[in-house]
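Peer 1: Before I ask anything, here is the structure I am working with.
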Amino acid sequence: MATELPVLKPADFASDQDIRWCPGCGDYSILAQMKKMLPTLGFPREKICFISGIGCSSRFPYYMETYGIHSIHGRAPAFATGLKNVRPDLMIWVITGDGDGLSIGGNHLMHAIRRNLDINIVMFNNRIYGLTKGQYSPTSPLGKVTKSTPMGAIDNPLHPLSIAIGCEGSFVARSIDVNIKHLGATLKRAAEHKGTSFVEVYQNCNVFNDGAWDYATDRQSKADNVLELEHGKPLIFGKNRDRGIRLNGMNPEVVELGKGISEDDLLFHDEKADEPSLAYLLSRLRNEDGFPEPIGVFRAIDKPKYDEQLNQQIEYAKETKGDGSLDKLFHSGDTWTVS
Amino acid sequence: MSSTIESPPESAKSVEHLAAATVRLAGDSGDGMQITGTQLTNTSALAGNDVATFPDFPAEIRAPKGTRAGVSGFQVHFASEDIFTPGDHLDALVVMNPAALVTNLPDLKSGGILIVNEDNFEGRDLKLANLEENPLENDSLGDYRVFRVPMTNLTRKAVEMVETEDGKALSQKVADRCKNFFAMGLIYWLYGRDLDPTLRFIREKFGKRPEIVEANERALRSGWNYGETTEAFISSYQVEKATLPAGTYRNVMGNQALAWGLLTASKMSGAELFIGTYPITPASDILHELSKFKEFGVRTFQAEDEIAAVCSAIGAAFGGAMAITSSSGPGIALKGEAMGLGMILELPMIIINVQRGGPSTGLPTKTEQSDLLQVMYGRNGESPLPVIAARSPSDCFEVAQEAWRIATRFMVPVILLSDGYIANGAEPWRIPDVEDLNKIEINHPQATEGEEFQPYVRNERLARPWALPGTPGLEHRLGGLEKQDITGNVSYDPDNHQHMTNVRQQKVDNIAEDIPEQSVVGPESGDLLVVSWGGTFGACTTAVERCQRDGLSVAHAHLRYLNPFPRNLGDLLSRYQRILVPELNMGQLRAILRSTYLVDAEGLNKVQGKPFAVTEIVDKIKALLA
């Protein structure tokens, strides 16, 4: 019995709540792309649920006309885990930030990714605490001067994708708030992936950390600083697409094409590689070290999913033992009768 | 259950009849005392006795061998009458080493039976127990009927014929491990117990290793035969069947009964059970038990930590499951913020706290009732939650269903308190007729044409609708920010915050209209009312009964509902001259009663990791009424 799904438009995903992010915040763009992308999936709106923690990004669910929970700081993956385990029919999005996801919620993020539940996690990375007004975050660079680090941050930063790949995530990707086409396409890939999708989005906080991603978004420099990953294609970047990444032993290096170096000498991207080491290596390419930073899908592999296996165990138990009977249970083992 | 195992013959010696007996087996934590005690419990229950148990073991899996810190004990009280406690004083004590002797001897009655494994009283054993002299060789045991039994050597002899599959004799280490079954056999002889249930247990537990089955069987029978043949024992004892109400019975432990009660509530409400939890003593057995029941649709999730455990449960509740999280005090502390979220989201779930000795890590394997104020007040903001408490192992079955009934009827997380004493204790349980179990009604709304869905609209009880994701037209967002009345939208309006705070409190208060009035056992008014809650039920009941028999004007009210209190409680308290609140804490219920009802309640309080002895409460009652 096929029921016709109503055709939805982006506006159908807008709730009636006023959006209260600062004007110019990168979050608006992510919200817009999400609303634009969801109707293209042909998935019933009532089966979509957004779950967030605490922080600017975590207000996201209030603005979506879907089901949603604005939960507590850092714990969104845990709420999503419980919900997905009992409701595998739902499409669940976890919306988090660099502070929510990597600081207070680092533990839950790690465990959600390694369990590979069929959920989608989008981390808005602005490298700062916005909602608490400007303290450094776990992704702020060393030396970052903020309200809580007047002499510069002395914490080594975490790199979200290195963590996700370190947890052997089955889908790991990166995009940029203002690169809207790429962002929409990346969110769609994440939605379609079966298993935990982890997407880092470079997001500008124009109030407390304006320009943190300028090197990746500036019209003049972005082509030299960003490398767009494509499955099966060599790693090429630059305004003139004349530079690439080559492996020298275990070390990546930037090379110029021509002068005896051809595309075949470059590293080819394989998002389906079971072995995560090359994906990890890509996650370590950093602007500050003279490399372009890759965007796109780093890894997309098929792996057993926790929620699917849990529910298979339930089905198997019901099939082999029959539906549970209280009477049988109560009378199992030794009993005696008093008359 | 059919069985082809032959029972040993009836004892040819004389038999003395007793109304009740309290027996404790104590040894090193590796000596298998918990298995032995559990077996004696089951066998006694199967023989028709009423039973109550008190397992007592160290937090360390294997504390240094032979030391006082490593002593593990299991106490069983079996009787031909209705009993409520594992007994204050021991009629018989079996000790496997000197450390067990010195730590347990003070509880043995004068003239009581003391059975000692004398093989473990060498110089080294004495030194490990910090003993300068061998108590078997001085006159320190003159008050007791001492039976010195060379258990280790007798067990080795009993199993020397046993061969492994490849024809080798058992190692001495393996042979010595059977000595708890020898001790059990001897106790079984002493109290006329049937060996069959334990022989069946041995076959089930060790079935994959036939040589271990044979060795343990031989050890058990040798212990029995030793009692029968040695001249030291002149007679054995018989405790007649108890007169329990008619029905089919089985033995249940507290955590098991709790798990079964949850399962029953799930079945009776049609909501599949999800438990998100993290291992912690003494609550873990709830997870272990529930994880066996996948054919009931039970989903167990061992989370990465306590916080994830409670959060996963809230997520599951949002999805329409019967959501549970279980822990003990330290874990409940970690769950506090999420419990507050569950409260403001107004989703039904059960939060179980199997209390243990605190504060901090405290006494993980010992019992205490010191988390009442924690669950009442341990959250930020105005965050009232209903609290109910189980009173005994079998009561856990009832309380679990009641918790789910309240949670779904009022759309609220319910806190269910148990404790280590209840969790690990066992007692006979009359198996209910499944037809007689109460249904728990749950409603999930559907969209109404032309009407906008309001997630915080309320019914006459002030409960809001439980709308499930997947329902077209009911899309809504929940969150921890204060919400506008009716719409559930974020609201910072001052009057709205006051209103919502009042409503959430009133909703919990309304539960008082939905639960029974508090009853008392004893006179409706008088000199003294003993008020208790939780695991002290048995000791308080027995103590009050004893004082009533002695002609004192004393009544007993045992509270299941701690928040809100039963609606008649204030009136009830006012009808007695004095109020006594015995608690295994420093006066937590007493403080709440005093502040709620302005009554001058007095306390009997201790935190020693042990349940009350009946005599402690009797003495206090008598002192107050002297």
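Residue numbering restarts at 1 in every chain; chains get A, B, ... in the order shown in the structure tokens, and ligands count up from 1 in that same order.
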Please tabulate, as a tab-separated table, the residues of range 152-261 of chain B that come within 8 Å of range 78-93 of chain B, each with its closest pair of atoms and the distance in Å to one decimal, counting only C-alpha atoms and ordering rows by chain, then residue number upward.
Peer 2:
```
residue	atom	partner	partner_atom	distance
B:Val239	CA	B:Ser80	CA	6.1
B:Glu240	CA	B:Ser80	CA	5.1
B:Lys241	CA	B:Ser80	CA	5.0
B:Ala242	CA	B:Ser80	CA	3.7
B:Thr243	CA	B:Glu81	CA	6.5
B:Leu244	CA	B:Asp82	CA	7.4
```
Peer 1: Restricting the output to C-alpha atoms, write the selected residues as an mmCIF file, in the first residue's frame.
Peer 2:
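Contents of out_28.cif, freshly written:
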```
data_model
loop_
_atom_site.group_PDB
_atom_site.id
_atom_site.type_symbol
_atom_site.label_atom_id
_atom_site.label_comp_id
_atom_site.auth_asym_id
_atom_site.auth_seq_id
_atom_site.Cartn_x
_atom_site.Cartn_y
_atom_site.Cartn_z
ATOM 1 C CA VAL B 239 11.605 -26.185 61.035
ATOM 2 C CA GLU B 240 8.021 -26.909 60.000
ATOM 3 C CA LYS B 241 6.282 -25.366 57.032
ATOM 4 C CA ALA B 242 5.053 -21.828 57.475
ATOM 5 C CA THR B 243 1.355 -21.141 57.127
ATOM 6 C CA LEU B 244 1.443 -18.790 54.162
#
```
Peer 1: Pull the closest atom pair for each residue of chain B that gets at most 6 Å from chain A, along with the distance in Å to one decimal, counting only C-alpha atoms, ordering rows by chain and then ascending residue number, as a Markdown table.
Peer 2:
```
| residue | atom | partner | partner_atom | distance |
| --- | --- | --- | --- | --- |
| B:Leu46 | CA | A:Trp336 | CA | 5.9 |
| B:Ala246 | CA | A:Ser339 | CA | 4.7 |
| B:Gly247 | CA | A:Val338 | CA | 5.3 |
| B:Thr248 | CA | A:Thr337 | CA | 4.2 |
| B:Tyr249 | CA | A:Trp336 | CA | 5.3 |
| B:Arg250 | CA | A:Thr335 | CA | 4.6 |
| B:Lys294 | CA | A:Ile314 | CA | 5.1 |
| B:Glu295 | CA | A:Lys318 | CA | 4.4 |
| B:Phe296 | CA | A:Gly324 | CA | 4.5 |
| B:Gly297 | CA | A:Ile314 | CA | 5.9 |
| B:Ala308 | CA | A:Ala78 | CA | 5.0 |
| B:Cys311 | CA | A:Phe79 | CA | 5.0 |
| B:Ser312 | CA | A:Gly82 | CA | 3.8 |
| B:Ala313 | CA | A:Gly82 | CA | 5.8 |
| B:Gly315 | CA | A:Phe79 | CA | 4.3 |
| B:Ala316 | CA | A:Leu83 | CA | 4.4 |
| B:Gly319 | CA | A:Leu83 | CA | 5.6 |
| B:Gly470 | CA | A:Lys47 | CA | 4.5 |
| B:Thr471 | CA | A:Glu46 | CA | 5.9 |
| B:Pro472 | CA | A:Glu46 | CA | 5.2 |
| B:Glu475 | CA | A:Tyr67 | CA | 4.8 |
| B:His476 | CA | A:Tyr67 | CA | 5.0 |
| B:Arg477 | CA | A:Gly68 | CA | 4.4 |
| B:Leu478 | CA | A:Ile69 | CA | 4.8 |
| B:Gly479 | CA | A:His70 | CA | 4.3 |
| B:Gly480 | CA | A:Ser71 | CA | 6.0 |
```
Peer 1: Would you mind telling me which residue in B:Arg24, B:Val116, B:Asp600, B:Glu231 lies nearest to Val76 in chain B when using only C-alpha atoms?
Peer 2: B:Arg24
Peer 1: Hey, what does DSSP flag as strand (DSSP E or B) within range 149-249 of chain B? Can you give it to me as a ChimeraX atom specification?
Peer 2: /B:149,163,169,235-239,247-249
Peer 1: Name all residues at most 10 Å from range 132-141 of chain B (count only C-alpha atoms; drop same-chain ones fewer than 5 positions away) and give them as a list in words.
Peer 2: Pro98, Leu101, Val102, Leu105, Ser110, Gly111, Leu114, Val116, Glu118, Phe121, Glu122, Gly123, Asp125, Leu126, Lys127, Val146 and Arg148 of chain B
Peer 1: Take the residues that were just selected and, keeping C-alpha atoms, output them as a tab-separated table (two decimals), in the first residue's frame.
Peer 2:
```
chain	number	residue	atom	x	y	z
B	98	PRO	CA	39.76	-17.48	61.65
B	101	LEU	CA	35.22	-16.49	63.14
B	102	VAL	CA	36.31	-13.28	64.84
B	105	LEU	CA	31.17	-14.46	66.49
B	110	SER	CA	25.10	-17.84	73.65
B	111	GLY	CA	24.78	-21.60	73.38
B	114	LEU	CA	29.51	-22.95	65.84
B	116	VAL	CA	34.48	-24.43	62.23
B	118	GLU	CA	39.54	-26.47	61.64
B	121	PHE	CA	43.39	-22.54	61.66
B	122	GLU	CA	47.12	-22.90	61.09
B	123	GLY	CA	49.64	-20.27	62.18
B	125	ASP	CA	45.68	-18.32	58.88
B	126	LEU	CA	45.71	-16.88	62.39
B	127	LYS	CA	48.28	-14.30	61.41
B	146	VAL	CA	31.67	-25.82	68.92
B	148	ARG	CA	35.50	-28.67	64.75
```
